[in-house]
Amino acid sequence: MKYQSIEKLNRVQQYIMQTRPILQKEALFSDGTKDYRIPAEPKENEWVTIRFRTAKDNVDMVLLHTNGHAYQMRLGESDGTFDYYYAEISLGTDVFSYYFEIVSGMFCCWYDRCGVTKEIREAYFFRIVPGFSTPDWAKGAVMYQIMVDRFYNGDPSNDVLDHEYYYIRTFSTKVPQERWEKCPENFSVGEFYGGDLEGVRKKLDYLSNLGIEVIYFNPIFVSPSNHKYDIQDYDHIDPHFAKIVEDEGELLMDFEQDNRKATRYCCRVTNQKNLKASNAFFAEFVQEVHNRGMKIILDGVFNHCGSFNCWMDREKIYTHKEGFDEGAYLSKDSPYREYFRFKDQEDTAWPDNKSYEGWWGHDTLPKLNFEDSRRLYEDILRIGKKWVSEPYCVDGWRLDVAEDLGHSKEFNHQFWRDFRDAVKEANPNALILAEHYGDPKDWLAGDQWDTIMNYAAFMEPLSWFLTGMEKHSDEYVPDRIGKIGDFEGAMRHFMASFLTPSLMCSMNQLSNHDHSRFLTRTNHKAGRVEYLGAHAAGEDVDYRVMREAILIQMTWPGAPTLYYGDEAGLCGFTDPDNRRTYPWGHEKRDLIDLYRELIWIHRENEAFRTGSFRFLDSEDQLLCYARFQRNQQFVIVINHDDAERTKQLSVIGAGIPQECTLRRMIVTTENGYSLMPQYYTVKQGSVTITLQKKSAVILERM
């Protein structure tokens, strides 16, 4: 009798397995976008509806698991291809984590941020932080990074003069306008080309026509260097970037008694009339940018300042100047003494011992000592609020080396919590974006940063996949080119570190001021300018690969961010060679045209700004993925091979019906790109596409 029961059960199970359609794993989907989480950014104590997609009539049950509980999701709606299950959850104030279980006949699997899985992986649970949101304007925004000195000289009257500064063992030099395209010297902290904010203002038509929505400036506060990551005065825009209305002309020379240090400093950047005029100019500049529908992000360098800073005043710039107290370097009784960590010894009499903590040991970059100075703490919070408030109203901060601030991880997190509160109180719509390498999850918990410069989940994996080059061009590993497993693995893992609102506005760059130009990486020359020479940066570059990269950048989740000149074909090894001037009059026009076309495709289609992302069936050298919403679906295919490739590609994962038509929007080719439409038929959920070597395409569902 027992035997017959087991036999009967086996027959039932066999019947179920035979009649139940095979589970279509590629159809399973959910994420944190507005199609699958309603509202996408719920508030505290609010109800949220969570959705999950399956193939039509393909599963028996979908369960939502959270905190040890399982909720059976209800079938809410169906179309000809998919079923959509949902569950309504009441949030509290704590983080809400969840994942899904899918049951189909005798088969069971799990689904988390990284997709279908056979095991429960807590690290990849979906997460909702009630009350956390990022500014809508920043989601998918097209950003443009400008290092002001190297962009355009719009007002020669504010140029830095020869010998105006003596800093880090070198005098400042003014590069003549006729030598604008000269490559930077290897040690070029005092080399000034004359770019300024007036130059940016004169090029706003260019930026607007290109499709730029946000300008991100490298530091523009008073500083004796061209890069200005050594802030001298956080309260004022550098007059050399803005306005000099009173030129005192006299150059001051100050020598230390031992004659080892000399400071030659022009009064123009400490002149109160110039400082006030520069701030007023900047306020007007921001207003003009806003009137054009664009935003501005400033660079906040709060981990360290410069030795020129009035708080330190090592170079005696502010000595005996009205309105300034003695700097910490000059007196133990300075009110700014606690702003820094001096290495005082009890048996050493002042003033012989003037050693202090510098960031990475650089004495020109004294590290700010927040732990020992509440006054400093509050002063930087004040600065954070000042520039996002009237009359400046900038739209956010990019935070330099943000993980390094303070002397412990616990203190670092607390400071950024307070910074967020201060900035958001002053301007709730301001973006807080941090420089960060590695896993940012601890800072992207909803209470500190909004998002980050996206190295780990964009620049680094993409550089390895397309070029085999490390992002500084320090290493070339040809075996890493086109390895889809490495690329997908890195992208899946690090993208899962983001809350969805953070991912949508992460800064996705191919190049920036700290790394080699992406176009240079396509030539596979490993090394730096001092060994290879500046000319090598532009040799044997592969524009086919550059075009692939641009298309990926404009279709990937996040805020595609151009580093000035990338669109014009600018080359360069890592810092300082990556800081060459914009090549006005010598641009690679076809590359600019491609950028413009792809930017407008990105901007005009909401799926690229805030839609879902899904890897499709990729192979080595052949990257396939989708961006989609319920009413819009796109398939992106990149053939990085040196041979033509034909692929029968399942597009069910993109939310595309079993039978439909796809239209080619744009394709990059060996010689450029084409907007000529071509049509592809989807049959039984698959499409066959042939791509030329080193090319990329965007397909849109009709």
# chains A, B, ... in the order shown; residues from 1 in each chain; ligands from 1
call {"tool": "select_by_dssp", "arguments": {"residues": "region 67-162 of chain A", "states": "strand (DSSP E)", "output": "number ranges by chain"}}
result
A: 69-72, 74-78, 82-90, 96-104, 107-112, 115-117, 126-128, 143-146
call {"tool": "residues_around", "arguments": {"residues": "region 308-311 of chain A", "least_positions_apart": "3", "cutoff": "6 Å", "atoms": "only C-alpha atoms", "output": "ChimeraX atom specification"}}
result
/A:232,315,327,336
call {"tool": "write_last_selection", "arguments": {"atoms": "N, CA and C atoms", "output": "compact mmCIF listing (two decimals), in the first residue's frame"}}
result
# COMPACT_ATOMS: atom_id res chain seq x y z
N GLN A 232 42.91 77.91 0.01
CA GLN A 232 43.45 78.98 0.83
C GLN A 232 42.33 79.73 1.57
N GLU A 315 52.96 80.58 4.93
CA GLU A 315 53.69 81.48 4.05
C GLU A 315 53.52 82.96 4.43
N GLY A 327 47.98 82.88 12.13
CA GLY A 327 47.80 81.51 11.71
C GLY A 327 48.42 80.51 12.67
N TYR A 336 43.37 79.21 15.63
CA TYR A 336 43.23 78.09 14.68
C TYR A 336 44.17 76.93 15.01
call {"tool": "closest_residue", "arguments": {"among": "A:Gly92, A:Gly384, A:Gly527, A:Gly489", "to": "Asp474 (chain A)", "atoms": "only C-alpha atoms"}}
result
A:Gly527
call {"tool": "residues_around", "arguments": {"residues": "Ser511 (chain A)", "least_positions_apart": "2", "cutoff": "10 Å", "atoms": "only C-alpha atoms", "output": "VMD selection string"}}
result
chain A and resid 145 459 463 471 to 472 508 to 509 513 to 521 561 to 566 572 574 578
call {"tool": "write_last_selection", "arguments": {"atoms": "N, CA, C and O atoms", "output": "short mmCIF file (atom, residue, chain, number, x, y, z; two decimals), in the first residue's frame"}}
result
data_model
loop_
_atom_site.label_atom_id
_atom_site.label_comp_id
_atom_site.auth_asym_id
_atom_site.auth_seq_id
_atom_site.Cartn_x
_atom_site.Cartn_y
_atom_site.Cartn_z
N GLN A 145 32.47 67.85 -16.53
CA GLN A 145 33.49 68.26 -15.57
C GLN A 145 34.46 69.24 -16.20
O GLN A 145 35.02 68.98 -17.28
N MET A 459 33.77 52.98 -14.27
CA MET A 459 35.02 53.31 -14.96
C MET A 459 35.99 52.14 -15.00
O MET A 459 36.55 51.81 -16.07
N SER A 463 36.94 50.02 -18.36
CA SER A 463 38.28 50.20 -18.91
C SER A 463 38.97 48.87 -19.15
O SER A 463 39.59 48.65 -20.20
N LYS A 471 43.16 52.24 -15.04
CA LYS A 471 42.63 53.57 -15.32
C LYS A 471 43.67 54.68 -15.31
O LYS A 471 43.41 55.77 -15.81
N HIS A 472 44.85 54.45 -14.76
CA HIS A 472 45.94 55.42 -14.84
C HIS A 472 46.83 55.16 -16.05
O HIS A 472 47.82 55.89 -16.25
N ASN A 508 29.13 58.59 -13.76
CA ASN A 508 29.75 57.61 -14.64
C ASN A 508 30.69 58.32 -15.61
O ASN A 508 30.26 58.97 -16.55
N GLN A 509 31.99 58.17 -15.39
CA GLN A 509 33.01 58.84 -16.21
C GLN A 509 33.89 57.83 -16.93
O GLN A 509 34.18 56.76 -16.42
N HIS A 513 40.21 64.14 -13.98
CA HIS A 513 41.46 64.83 -13.70
C HIS A 513 42.48 63.97 -12.98
O HIS A 513 43.65 64.35 -12.87
N ASP A 514 42.08 62.81 -12.47
CA ASP A 514 42.99 61.95 -11.72
C ASP A 514 43.51 60.77 -12.53
O ASP A 514 44.40 60.06 -12.06
N HIS A 515 42.94 60.51 -13.69
CA HIS A 515 43.28 59.31 -14.45
C HIS A 515 43.55 59.64 -15.91
O HIS A 515 43.22 60.73 -16.38
N SER A 516 44.15 58.72 -16.61
CA SER A 516 44.46 58.98 -18.01
C SER A 516 43.18 59.16 -18.81
O SER A 516 42.10 58.69 -18.42
N ARG A 517 43.30 59.86 -19.91
CA ARG A 517 42.17 60.02 -20.82
C ARG A 517 41.80 58.65 -21.41
O ARG A 517 42.69 57.87 -21.79
N PHE A 518 40.49 58.39 -21.51
CA PHE A 518 40.08 57.08 -22.01
C PHE A 518 40.60 56.83 -23.42
O PHE A 518 41.03 55.72 -23.75
N LEU A 519 40.58 57.85 -24.27
CA LEU A 519 41.05 57.66 -25.64
C LEU A 519 42.50 57.21 -25.66
O LEU A 519 42.89 56.37 -26.47
N THR A 520 43.31 57.73 -24.75
CA THR A 520 44.69 57.29 -24.65
C THR A 520 44.79 55.83 -24.24
O THR A 520 45.66 55.09 -24.73
N ARG A 521 43.90 55.38 -23.37
CA ARG A 521 43.94 53.97 -22.95
C ARG A 521 43.71 53.01 -24.12
O ARG A 521 44.12 51.85 -24.07
N THR A 561 28.99 61.41 -17.33
CA THR A 561 29.74 62.63 -17.04
C THR A 561 30.96 62.74 -17.95
O THR A 561 31.85 61.89 -17.90
N LEU A 562 30.98 63.77 -18.77
CA LEU A 562 32.09 64.01 -19.67
C LEU A 562 33.17 64.79 -18.93
O LEU A 562 32.87 65.74 -18.20
N TYR A 563 34.40 64.43 -19.14
CA TYR A 563 35.54 65.23 -18.69
C TYR A 563 35.91 66.14 -19.85
O TYR A 563 36.15 65.67 -20.96
N TYR A 564 35.92 67.44 -19.60
CA TYR A 564 36.07 68.43 -20.68
C TYR A 564 37.13 67.96 -21.69
O TYR A 564 38.22 67.53 -21.33
N GLY A 565 36.77 68.04 -22.96
CA GLY A 565 37.71 67.69 -24.02
C GLY A 565 37.65 66.26 -24.47
O GLY A 565 38.12 65.94 -25.57
N ASP A 566 37.08 65.36 -23.65
CA ASP A 566 36.93 63.98 -24.12
C ASP A 566 36.14 63.95 -25.42
O ASP A 566 36.45 63.17 -26.33
N GLY A 572 45.82 62.12 -23.29
CA GLY A 572 46.69 62.45 -22.17
C GLY A 572 46.87 61.29 -21.23
O GLY A 572 45.93 60.55 -20.96
N THR A 574 48.13 60.05 -17.28
CA THR A 574 47.55 60.48 -16.02
C THR A 574 48.15 61.82 -15.58
O THR A 574 49.08 62.35 -16.18
N ASN A 578 46.74 64.58 -18.19
CA ASN A 578 45.29 64.51 -18.46
C ASN A 578 44.62 65.87 -18.32
O ASN A 578 43.41 65.99 -18.54
#
call {"tool": "residues_around", "arguments": {"residues": "Leu616 (chain A)", "least_positions_apart": "2", "cutoff": "6 Å", "atoms": "only C-alpha atoms", "output": "list in words"}}
result
Ser618, Cys624 and Tyr625 of chain A
call {"tool": "closest_residue", "arguments": {"among": "A:Phe221, A:Phe192, A:Trp137, A:Phe126", "to": "Cys505 (chain A)", "atoms": "only C-alpha atoms"}}
result
A:Trp137
call {"tool": "residues_around", "arguments": {"residues": "Val687 (chain A)", "least_positions_apart": "4", "cutoff": "12 Å", "atoms": "only C-alpha atoms", "output": "PDB file with N, CA and C atoms, in the first residue's frame"}}
result
ATOM      1  N   ASP A 617      21.977  37.924 -22.740  1.00  0.00           N
ATOM      2  CA  ASP A 617      22.849  36.764 -22.966  1.00  0.00           C
ATOM      3  C   ASP A 617      24.131  37.198 -23.670  1.00  0.00           C
ATOM      4  N   VAL A 635      17.421  47.639 -26.363  1.00  0.00           N
ATOM      5  CA  VAL A 635      18.445  46.593 -26.324  1.00  0.00           C
ATOM      6  C   VAL A 635      19.738  47.192 -26.843  1.00  0.00           C
ATOM      7  N   VAL A 637      23.757  46.344 -27.811  1.00  0.00           N
ATOM      8  CA  VAL A 637      24.696  45.269 -28.134  1.00  0.00           C
ATOM      9  C   VAL A 637      26.020  45.898 -28.565  1.00  0.00           C
ATOM     10  N   THR A 646      27.445  37.476 -35.423  1.00  0.00           N
ATOM     11  CA  THR A 646      25.995  37.311 -35.530  1.00  0.00           C
ATOM     12  C   THR A 646      25.503  36.643 -34.262  1.00  0.00           C
ATOM     13  N   LYS A 647      24.446  37.177 -33.707  1.00  0.00           N
ATOM     14  CA  LYS A 647      23.950  36.701 -32.424  1.00  0.00           C
ATOM     15  C   LYS A 647      22.438  36.543 -32.469  1.00  0.00           C
ATOM     16  N   GLN A 648      21.960  35.358 -32.070  1.00  0.00           N
ATOM     17  CA  GLN A 648      20.529  35.174 -31.812  1.00  0.00           C
ATOM     18  C   GLN A 648      20.322  35.456 -30.332  1.00  0.00           C
ATOM     19  N   LEU A 649      19.665  36.546 -30.040  1.00  0.00           N
ATOM     20  CA  LEU A 649      19.610  37.075 -28.688  1.00  0.00           C
ATOM     21  C   LEU A 649      18.201  37.026 -28.126  1.00  0.00           C
ATOM     22  N   SER A 650      18.053  36.391 -26.978  1.00  0.00           N
ATOM     23  CA  SER A 650      16.770  36.429 -26.278  1.00  0.00           C
ATOM     24  C   SER A 650      16.592  37.804 -25.662  1.00  0.00           C
ATOM     25  N   VAL A 651      15.435  38.424 -25.929  1.00  0.00           N
ATOM     26  CA  VAL A 651      15.179  39.771 -25.414  1.00  0.00           C
ATOM     27  C   VAL A 651      14.021  39.789 -24.425  1.00  0.00           C
ATOM     28  N   ILE A 652      13.603  38.618 -23.973  1.00  0.00           N
ATOM     29  CA  ILE A 652      12.510  38.545 -23.004  1.00  0.00           C
ATOM     30  C   ILE A 652      12.858  39.320 -21.734  1.00  0.00           C
ATOM     31  N   ILE A 656      10.326  42.739 -23.447  1.00  0.00           N
ATOM     32  CA  ILE A 656       9.876  42.847 -24.831  1.00  0.00           C
ATOM     33  C   ILE A 656       8.966  41.666 -25.163  1.00  0.00           C
ATOM     34  N   PRO A 657       7.845  41.907 -25.851  1.00  0.00           N
ATOM     35  CA  PRO A 657       6.917  40.818 -26.197  1.00  0.00           C
ATOM     36  C   PRO A 657       7.569  39.754 -27.076  1.00  0.00           C
ATOM     37  N   GLN A 658       6.914  38.603 -27.108  1.00  0.00           N
ATOM     38  CA  GLN A 658       7.430  37.469 -27.888  1.00  0.00           C
ATOM     39  C   GLN A 658       7.505  37.782 -29.378  1.00  0.00           C
ATOM     40  N   GLU A 659       6.558  38.583 -29.862  1.00  0.00           N
ATOM     41  CA  GLU A 659       6.513  38.910 -31.283  1.00  0.00           C
ATOM     42  C   GLU A 659       6.395  40.431 -31.417  1.00  0.00           C
ATOM     43  N   CYS A 660       7.399  41.057 -32.015  1.00  0.00           N
ATOM     44  CA  CYS A 660       7.357  42.509 -32.217  1.00  0.00           C
ATOM     45  C   CYS A 660       8.487  42.901 -33.159  1.00  0.00           C
ATOM     46  N   THR A 661       8.685  44.215 -33.305  1.00  0.00           N
ATOM     47  CA  THR A 661       9.734  44.738 -34.186  1.00  0.00           C
ATOM     48  C   THR A 661      10.636  45.672 -33.393  1.00  0.00           C
ATOM     49  N   LEU A 662      11.933  45.570 -33.637  1.00  0.00           N
ATOM     50  CA  LEU A 662      12.910  46.486 -33.054  1.00  0.00           C
ATOM     51  C   LEU A 662      13.460  47.385 -34.152  1.00  0.00           C
ATOM     52  N   ARG A 663      13.669  48.652 -33.824  1.00  0.00           N
ATOM     53  CA  ARG A 663      14.241  49.613 -34.767  1.00  0.00           C
ATOM     54  C   ARG A 663      15.625  50.034 -34.303  1.00  0.00           C
ATOM     55  N   TYR A 679      15.433  47.553 -39.301  1.00  0.00           N
ATOM     56  CA  TYR A 679      14.385  46.915 -38.511  1.00  0.00           C
ATOM     57  C   TYR A 679      14.676  45.430 -38.336  1.00  0.00           C
ATOM     58  N   TYR A 680      14.369  44.949 -37.143  1.00  0.00           N
ATOM     59  CA  TYR A 680      14.630  43.556 -36.784  1.00  0.00           C
ATOM     60  C   TYR A 680      13.345  42.956 -36.220  1.00  0.00           C
ATOM     61  N   THR A 681      13.076  41.724 -36.595  1.00  0.00           N
ATOM     62  CA  THR A 681      11.865  41.047 -36.154  1.00  0.00           C
ATOM     63  C   THR A 681      12.160  40.147 -34.954  1.00  0.00           C
ATOM     64  N   VAL A 682      11.387  40.329 -33.918  1.00  0.00           N
ATOM     65  CA  VAL A 682      11.480  39.459 -32.743  1.00  0.00           C
ATOM     66  C   VAL A 682      10.499  38.308 -32.933  1.00  0.00           C
ATOM     67  N   LYS A 683      11.008  37.075 -32.886  1.00  0.00           N
ATOM     68  CA  LYS A 683      10.179  35.881 -33.016  1.00  0.00           C
ATOM     69  C   LYS A 683      10.427  34.972 -31.826  1.00  0.00           C
ATOM     70  N   LEU A 699      18.938  49.360 -30.058  1.00  0.00           N
ATOM     71  CA  LEU A 699      17.688  48.942 -30.694  1.00  0.00           C
ATOM     72  C   LEU A 699      16.523  49.359 -29.803  1.00  0.00           C
ATOM     73  N   ARG A 701      12.297  49.076 -29.157  1.00  0.00           N
ATOM     74  CA  ARG A 701      11.066  48.365 -29.493  1.00  0.00           C
ATOM     75  C   ARG A 701      10.070  49.343 -30.115  1.00  0.00           C
TER      76      ARG A 701
END
call {"tool": "closest_residue", "arguments": {"among": "A:Tyr84, A:Phe458, A:Trp584, A:Phe187", "to": "Glu530 (chain A)", "atoms": "only C-alpha atoms"}}
result
A:Phe187
call {"tool": "closest_residue", "arguments": {"among": "A:Ile383, A:Ile592, A:Glu700, A:Ala422", "to": "Gln632 (chain A)", "atoms": "only C-alpha atoms"}}
result
A:Glu700
call {"tool": "atom_distance", "arguments": {"atom1": "CA of Gly361 (chain A)", "atom2": "CA of Lys332 (chain A)"}}
result
21.4 Å
call {"tool": "closest_residue", "arguments": {"among": "A:Ser90, A:Asn671, A:Thr500, A:Asn271", "to": "Phe613 (chain A)", "atoms": "only C-alpha atoms"}}
result
A:Thr500
call {"tool": "residues_around", "arguments": {"residues": "Leu23 (chain A)", "least_positions_apart": "6", "cutoff": "9 Å", "atoms": "only C-alpha atoms", "output": "count of residues only"}}
result
5
call {"tool": "closest_residue", "arguments": {"among": "A:Phe171, A:Leu330, A:Pro42, A:Met143", "to": "Pro130 (chain A)", "atoms": "only C-alpha atoms"}}
result
A:Pro42
call {"tool": "select_by_dssp", "arguments": {"residues": "region 396-624 of chain A", "states": "alpha helix (DSSP H)", "output": "VMD selection string"}}
result
chain A and resid 409 to 426 460 to 467 484 to 495 500 to 503 518 to 521 529 to 532 543 to 553 589 to 604 606 to 610
call {"tool": "residues_around", "arguments": {"residues": "Pro428 (chain A)", "least_positions_apart": "5", "cutoff": "10 Å", "atoms": "only C-alpha atoms", "output": "PyMOL selection string"}}
result
chain A and resi 134-135+388+395+420-423
call {"tool": "write_last_selection", "arguments": {"atoms": "N, CA, C and O atoms", "output": "PDB file, in the first residue's frame"}}
result
ATOM      1  N   THR A 134      17.030  60.941  -3.699  1.00  0.00           N
ATOM      2  CA  THR A 134      18.025  61.791  -4.345  1.00  0.00           C
ATOM      3  C   THR A 134      17.292  62.757  -5.264  1.00  0.00           C
ATOM      4  O   THR A 134      16.172  62.478  -5.715  1.00  0.00           O
ATOM      5  N   PRO A 135      17.893  63.910  -5.550  1.00  0.00           N
ATOM      6  CA  PRO A 135      17.193  64.906  -6.378  1.00  0.00           C
ATOM      7  C   PRO A 135      16.813  64.342  -7.744  1.00  0.00           C
ATOM      8  O   PRO A 135      17.628  63.706  -8.417  1.00  0.00           O
ATOM      9  N   VAL A 388      25.281  76.541  -1.146  1.00  0.00           N
ATOM     10  CA  VAL A 388      24.030  76.028  -1.721  1.00  0.00           C
ATOM     11  C   VAL A 388      22.859  76.940  -1.386  1.00  0.00           C
ATOM     12  O   VAL A 388      21.716  76.649  -1.747  1.00  0.00           O
ATOM     13  N   ASP A 395      24.032  73.722  -6.791  1.00  0.00           N
ATOM     14  CA  ASP A 395      23.108  72.599  -6.730  1.00  0.00           C
ATOM     15  C   ASP A 395      23.684  71.349  -6.089  1.00  0.00           C
ATOM     16  O   ASP A 395      23.009  70.316  -6.057  1.00  0.00           O
ATOM     17  N   ARG A 420      25.359  66.221   5.757  1.00  0.00           N
ATOM     18  CA  ARG A 420      24.139  66.012   4.978  1.00  0.00           C
ATOM     19  C   ARG A 420      22.981  66.811   5.570  1.00  0.00           C
ATOM     20  O   ARG A 420      22.242  67.496   4.844  1.00  0.00           O
ATOM     21  N   ASP A 421      22.820  66.714   6.882  1.00  0.00           N
ATOM     22  CA  ASP A 421      21.721  67.428   7.529  1.00  0.00           C
ATOM     23  C   ASP A 421      21.827  68.927   7.283  1.00  0.00           C
ATOM     24  O   ASP A 421      20.823  69.603   6.994  1.00  0.00           O
ATOM     25  N   ALA A 422      23.040  69.459   7.402  1.00  0.00           N
ATOM     26  CA  ALA A 422      23.232  70.900   7.242  1.00  0.00           C
ATOM     27  C   ALA A 422      22.932  71.350   5.815  1.00  0.00           C
ATOM     28  O   ALA A 422      22.228  72.349   5.587  1.00  0.00           O
ATOM     29  N   VAL A 423      23.470  70.620   4.831  1.00  0.00           N
ATOM     30  CA  VAL A 423      23.295  71.007   3.430  1.00  0.00           C
ATOM     31  C   VAL A 423      21.844  70.842   3.002  1.00  0.00           C
ATOM     32  O   VAL A 423      21.269  71.718   2.338  1.00  0.00           O
TER      33      VAL A 423
END
call {"tool": "atom_distance", "arguments": {"atom1": "CA of Arg337 (chain A)", "atom2": "CA of Arg375 (chain A)"}}
result
11.1 Å
call {"tool": "decode", "arguments": {"residues": "region 538-554 of chain A", "atoms": "N, CA and C atoms", "output": "PDB file, in the first residue's frame"}}
result
ATOM      1  N   GLY A 538      48.689  60.257 -27.835  1.00  0.00           N
ATOM      2  CA  GLY A 538      47.787  60.313 -28.971  1.00  0.00           C
ATOM      3  C   GLY A 538      48.131  59.358 -30.095  1.00  0.00           C
ATOM      4  N   GLU A 539      49.159  58.549 -29.900  1.00  0.00           N
ATOM      5  CA  GLU A 539      49.569  57.607 -30.948  1.00  0.00           C
ATOM      6  C   GLU A 539      48.722  56.344 -30.919  1.00  0.00           C
ATOM      7  N   ASP A 540      48.335  55.872 -32.092  1.00  0.00           N
ATOM      8  CA  ASP A 540      47.674  54.568 -32.259  1.00  0.00           C
ATOM      9  C   ASP A 540      46.386  54.439 -31.454  1.00  0.00           C
ATOM     10  N   VAL A 541      45.715  55.564 -31.194  1.00  0.00           N
ATOM     11  CA  VAL A 541      44.452  55.470 -30.465  1.00  0.00           C
ATOM     12  C   VAL A 541      43.381  54.860 -31.376  1.00  0.00           C
ATOM     13  N   ASP A 542      42.401  54.215 -30.760  1.00  0.00           N
ATOM     14  CA  ASP A 542      41.375  53.482 -31.512  1.00  0.00           C
ATOM     15  C   ASP A 542      40.019  54.156 -31.291  1.00  0.00           C
ATOM     16  N   TYR A 543      39.609  54.942 -32.263  1.00  0.00           N
ATOM     17  CA  TYR A 543      38.333  55.657 -32.133  1.00  0.00           C
ATOM     18  C   TYR A 543      37.142  54.710 -32.159  1.00  0.00           C
ATOM     19  N   ARG A 544      37.307  53.529 -32.711  1.00  0.00           N
ATOM     20  CA  ARG A 544      36.215  52.549 -32.692  1.00  0.00           C
ATOM     21  C   ARG A 544      35.866  52.185 -31.255  1.00  0.00           C
ATOM     22  N   VAL A 545      36.903  51.957 -30.446  1.00  0.00           N
ATOM     23  CA  VAL A 545      36.696  51.605 -29.042  1.00  0.00           C
ATOM     24  C   VAL A 545      36.127  52.800 -28.277  1.00  0.00           C
ATOM     25  N   MET A 546      36.607  54.006 -28.599  1.00  0.00           N
ATOM     26  CA  MET A 546      36.077  55.208 -27.956  1.00  0.00           C
ATOM     27  C   MET A 546      34.584  55.333 -28.238  1.00  0.00           C
ATOM     28  N   ARG A 547      34.178  55.065 -29.462  1.00  0.00           N
ATOM     29  CA  ARG A 547      32.754  55.171 -29.811  1.00  0.00           C
ATOM     30  C   ARG A 547      31.923  54.132 -29.061  1.00  0.00           C
ATOM     31  N   GLU A 548      32.466  52.925 -28.922  1.00  0.00           N
ATOM     32  CA  GLU A 548      31.765  51.915 -28.117  1.00  0.00           C
ATOM     33  C   GLU A 548      31.575  52.409 -26.680  1.00  0.00           C
ATOM     34  N   ALA A 549      32.644  52.977 -26.129  1.00  0.00           N
ATOM     35  CA  ALA A 549      32.600  53.428 -24.738  1.00  0.00           C
ATOM     36  C   ALA A 549      31.575  54.537 -24.539  1.00  0.00           C
ATOM     37  N   ILE A 550      31.505  55.467 -25.475  1.00  0.00           N
ATOM     38  CA  ILE A 550      30.546  56.568 -25.362  1.00  0.00           C
ATOM     39  C   ILE A 550      29.121  56.032 -25.378  1.00  0.00           C
ATOM     40  N   LEU A 551      28.864  55.081 -26.284  1.00  0.00           N
ATOM     41  CA  LEU A 551      27.514  54.523 -26.360  1.00  0.00           C
ATOM     42  C   LEU A 551      27.144  53.808 -25.065  1.00  0.00           C
ATOM     43  N   ILE A 552      28.085  53.079 -24.477  1.00  0.00           N
ATOM     44  CA  ILE A 552      27.818  52.428 -23.194  1.00  0.00           C
ATOM     45  C   ILE A 552      27.572  53.480 -22.119  1.00  0.00           C
ATOM     46  N   GLN A 553      28.411  54.501 -22.077  1.00  0.00           N
ATOM     47  CA  GLN A 553      28.274  55.542 -21.062  1.00  0.00           C
ATOM     48  C   GLN A 553      26.891  56.190 -21.111  1.00  0.00           C
ATOM     49  N   MET A 554      26.361  56.412 -22.290  1.00  0.00           N
ATOM     50  CA  MET A 554      25.077  57.101 -22.428  1.00  0.00           C
ATOM     51  C   MET A 554      23.875  56.185 -22.255  1.00  0.00           C
TER      52      MET A 554
END
